[in-house]
Amino acid sequence: MAKGHRSQIKRERNANKDTRPSAKLSYARVSVQKACFVLDAIRGKDVQTALGILAYNPRYASTLIEKLLKSAIANAENNNGMDASKLYIAECYANCAPTMKRIHPRAQGRAYRILKRMSHITIVLNER
């Protein structure tokens, strides 16, 4: 447990915060596995290359991630004053979100469960 006054504890906690620009999409209606296919293709690339890859990727998740990447670029320019041409994708990952459970009626009064999975997608940028 941390020692000291509450304000000192908060000050120390805030000093360790990550200052890199990022954007997060919560409760995206796409499974983690399907989102990771697209995220693996753009991880470590510079921003312009990543936008080109996302524009021509046929997967549904690529449209969500493209919008998220544009938001992260805008955050970097407006909040951190970074140059968009020097940015690259430092981290990108998808975590599990709550799963919606639905019922599909089957023969003889049975019911099969359908799991509609969701994910939280995060993109963190950095400057070269």
# chains A, B, ... in the order shown; residues from 1 in each chain; ligands from 1
>>> select_by_dssp(residues="segment 53-99 of chain A", states="strand (DSSP E or B)", output="MDAnalysis selection string")
chainID A and resid 87:96
>>> residues_around(residues="Ser71 of chain A", least_positions_apart="4", cutoff="8 Å", atoms="only C-alpha atoms", output="list in words")
Ala23, Lys67 and Asn75 of chain A
>>> closest_residue(among="A:Leu125, A:Leu25, A:Ile9, A:Cys92", to="Leu68 of chain A", atoms="only C-alpha atoms")
A:Leu25
>>> closest_atom_pairs(of="segment 26-77 of chain A", to="segment 96-109 of chain A", cutoff="10 Å", atoms="only C-alpha atoms", output="Markdown table")
| residue | atom | partner | partner_atom | distance |
| --- | --- | --- | --- | --- |
| A:Ser26 | CA | A:Ala97 | CA | 7.8 |
| A:Tyr27 | CA | A:Ala97 | CA | 6.1 |
| A:Ala28 | CA | A:Ala97 | CA | 8.2 |
| A:Arg29 | CA | A:Ala97 | CA | 9.4 |
| A:Val30 | CA | A:Ala97 | CA | 9.8 |
| A:Ser31 | CA | A:Cys96 | CA | 7.8 |
| A:Val32 | CA | A:Cys96 | CA | 6.2 |
| A:Gln33 | CA | A:Cys96 | CA | 9.6 |
>>> write_last_selection(atoms="N, CA and C atoms", output="compact mmCIF listing (two decimals), in the first residue's frame")
# COMPACT_ATOMS: atom_id res chain seq x y z
N SER A 26 -14.73 1.48 -27.51
CA SER A 26 -15.30 0.53 -26.57
C SER A 26 -16.56 -0.09 -27.15
N TYR A 27 -16.78 -1.34 -26.81
CA TYR A 27 -17.97 -2.09 -27.20
C TYR A 27 -18.16 -2.14 -28.72
N ALA A 28 -17.09 -2.39 -29.45
CA ALA A 28 -17.18 -2.55 -30.90
C ALA A 28 -17.83 -3.90 -31.19
N ARG A 29 -18.78 -3.92 -32.11
CA ARG A 29 -19.51 -5.16 -32.42
C ARG A 29 -18.73 -6.03 -33.40
N VAL A 30 -17.54 -6.40 -33.00
CA VAL A 30 -16.70 -7.30 -33.78
C VAL A 30 -15.90 -8.12 -32.77
N SER A 31 -15.68 -9.38 -33.06
CA SER A 31 -14.96 -10.23 -32.10
C SER A 31 -13.48 -9.85 -32.07
N VAL A 32 -12.83 -10.21 -30.98
CA VAL A 32 -11.42 -9.89 -30.80
C VAL A 32 -10.57 -10.57 -31.88
N GLN A 33 -10.92 -11.81 -32.19
CA GLN A 33 -10.13 -12.55 -33.18
C GLN A 33 -10.19 -11.86 -34.55
>>> atom_distance(atom1="atom CA of Lys70 of chain A", atom2="atom CA of Gln48 of chain A")
10.3 Å
>>> atom_distance(atom1="atom CA of Lys116 of chain A", atom2="atom CA of Leu51 of chain A")
27.8 Å
>>> select_by_dssp(residues="segment 12-112 of chain A", states="alpha helix (DSSP H)", output="ChimeraX atom specification")
/A:12-15,32-42,47-55,60-80
>>> write_last_selection(atoms="C-alpha atoms", output="PDB file, in the first residue's frame")
ATOM      1  CA  GLU A  12       2.644  10.056  -7.925  1.00  0.00           C
ATOM      2  CA  ARG A  13       0.008   8.043  -9.774  1.00  0.00           C
ATOM      3  CA  ASN A  14      -0.535  10.818 -12.337  1.00  0.00           C
ATOM      4  CA  ALA A  15       3.213  11.238 -12.888  1.00  0.00           C
ATOM      5  CA  VAL A  32     -11.415  -9.887 -30.800  1.00  0.00           C
ATOM      6  CA  GLN A  33     -10.130 -12.545 -33.183  1.00  0.00           C
ATOM      7  CA  LYS A  34     -11.503 -10.760 -36.249  1.00  0.00           C
ATOM      8  CA  ALA A  35     -10.221  -7.366 -35.069  1.00  0.00           C
ATOM      9  CA  CYS A  36      -6.741  -8.787 -34.449  1.00  0.00           C
ATOM     10  CA  PHE A  37      -6.422  -9.918 -38.083  1.00  0.00           C
ATOM     11  CA  VAL A  38      -6.589  -6.258 -39.124  1.00  0.00           C
ATOM     12  CA  LEU A  39      -4.547  -4.922 -36.188  1.00  0.00           C
ATOM     13  CA  ASP A  40      -1.687  -7.338 -36.929  1.00  0.00           C
ATOM     14  CA  ALA A  41      -1.477  -5.944 -40.474  1.00  0.00           C
ATOM     15  CA  ILE A  42      -0.914  -2.333 -39.325  1.00  0.00           C
ATOM     16  CA  VAL A  47       0.293   6.271 -40.234  1.00  0.00           C
ATOM     17  CA  GLN A  48       0.001   6.879 -43.987  1.00  0.00           C
ATOM     18  CA  THR A  49       0.855   3.256 -44.822  1.00  0.00           C
ATOM     19  CA  ALA A  50      -1.617   2.002 -42.217  1.00  0.00           C
ATOM     20  CA  LEU A  51      -4.422   4.173 -43.643  1.00  0.00           C
ATOM     21  CA  GLY A  52      -3.679   2.764 -47.115  1.00  0.00           C
ATOM     22  CA  ILE A  53      -3.810  -0.816 -45.824  1.00  0.00           C
ATOM     23  CA  LEU A  54      -7.092  -0.166 -44.001  1.00  0.00           C
ATOM     24  CA  ALA A  55      -8.698   1.516 -47.027  1.00  0.00           C
ATOM     25  CA  TYR A  60     -15.595  -5.132 -41.556  1.00  0.00           C
ATOM     26  CA  ALA A  61     -13.205  -4.414 -38.683  1.00  0.00           C
ATOM     27  CA  SER A  62     -10.966  -2.352 -40.978  1.00  0.00           C
ATOM     28  CA  THR A  63     -13.633   0.374 -41.328  1.00  0.00           C
ATOM     29  CA  LEU A  64     -13.891   0.661 -37.530  1.00  0.00           C
ATOM     30  CA  ILE A  65     -10.123   0.699 -37.071  1.00  0.00           C
ATOM     31  CA  GLU A  66      -9.634   3.254 -39.866  1.00  0.00           C
ATOM     32  CA  LYS A  67     -12.018   5.644 -38.120  1.00  0.00           C
ATOM     33  CA  LEU A  68     -10.251   4.987 -34.799  1.00  0.00           C
ATOM     34  CA  LEU A  69      -6.822   5.629 -36.335  1.00  0.00           C
ATOM     35  CA  LYS A  70      -7.990   8.962 -37.785  1.00  0.00           C
ATOM     36  CA  SER A  71      -9.225   9.907 -34.311  1.00  0.00           C
ATOM     37  CA  ALA A  72      -5.842   9.021 -32.774  1.00  0.00           C
ATOM     38  CA  ILE A  73      -4.059  11.139 -35.421  1.00  0.00           C
ATOM     39  CA  ALA A  74      -6.338  14.095 -34.628  1.00  0.00           C
ATOM     40  CA  ASN A  75      -5.605  13.625 -30.909  1.00  0.00           C
ATOM     41  CA  ALA A  76      -1.869  13.671 -31.618  1.00  0.00           C
ATOM     42  CA  GLU A  77      -2.092  16.869 -33.675  1.00  0.00           C
ATOM     43  CA  ASN A  78      -4.522  18.828 -31.485  1.00  0.00           C
ATOM     44  CA  ASN A  79      -3.691  17.675 -27.947  1.00  0.00           C
ATOM     45  CA  ASN A  80       0.029  16.865 -28.188  1.00  0.00           C
TER      46      ASN A  80
END
>>> atom_distance(atom1="atom CA of Ala94 of chain A", atom2="atom CA of Asn16 of chain A")
22.9 Å
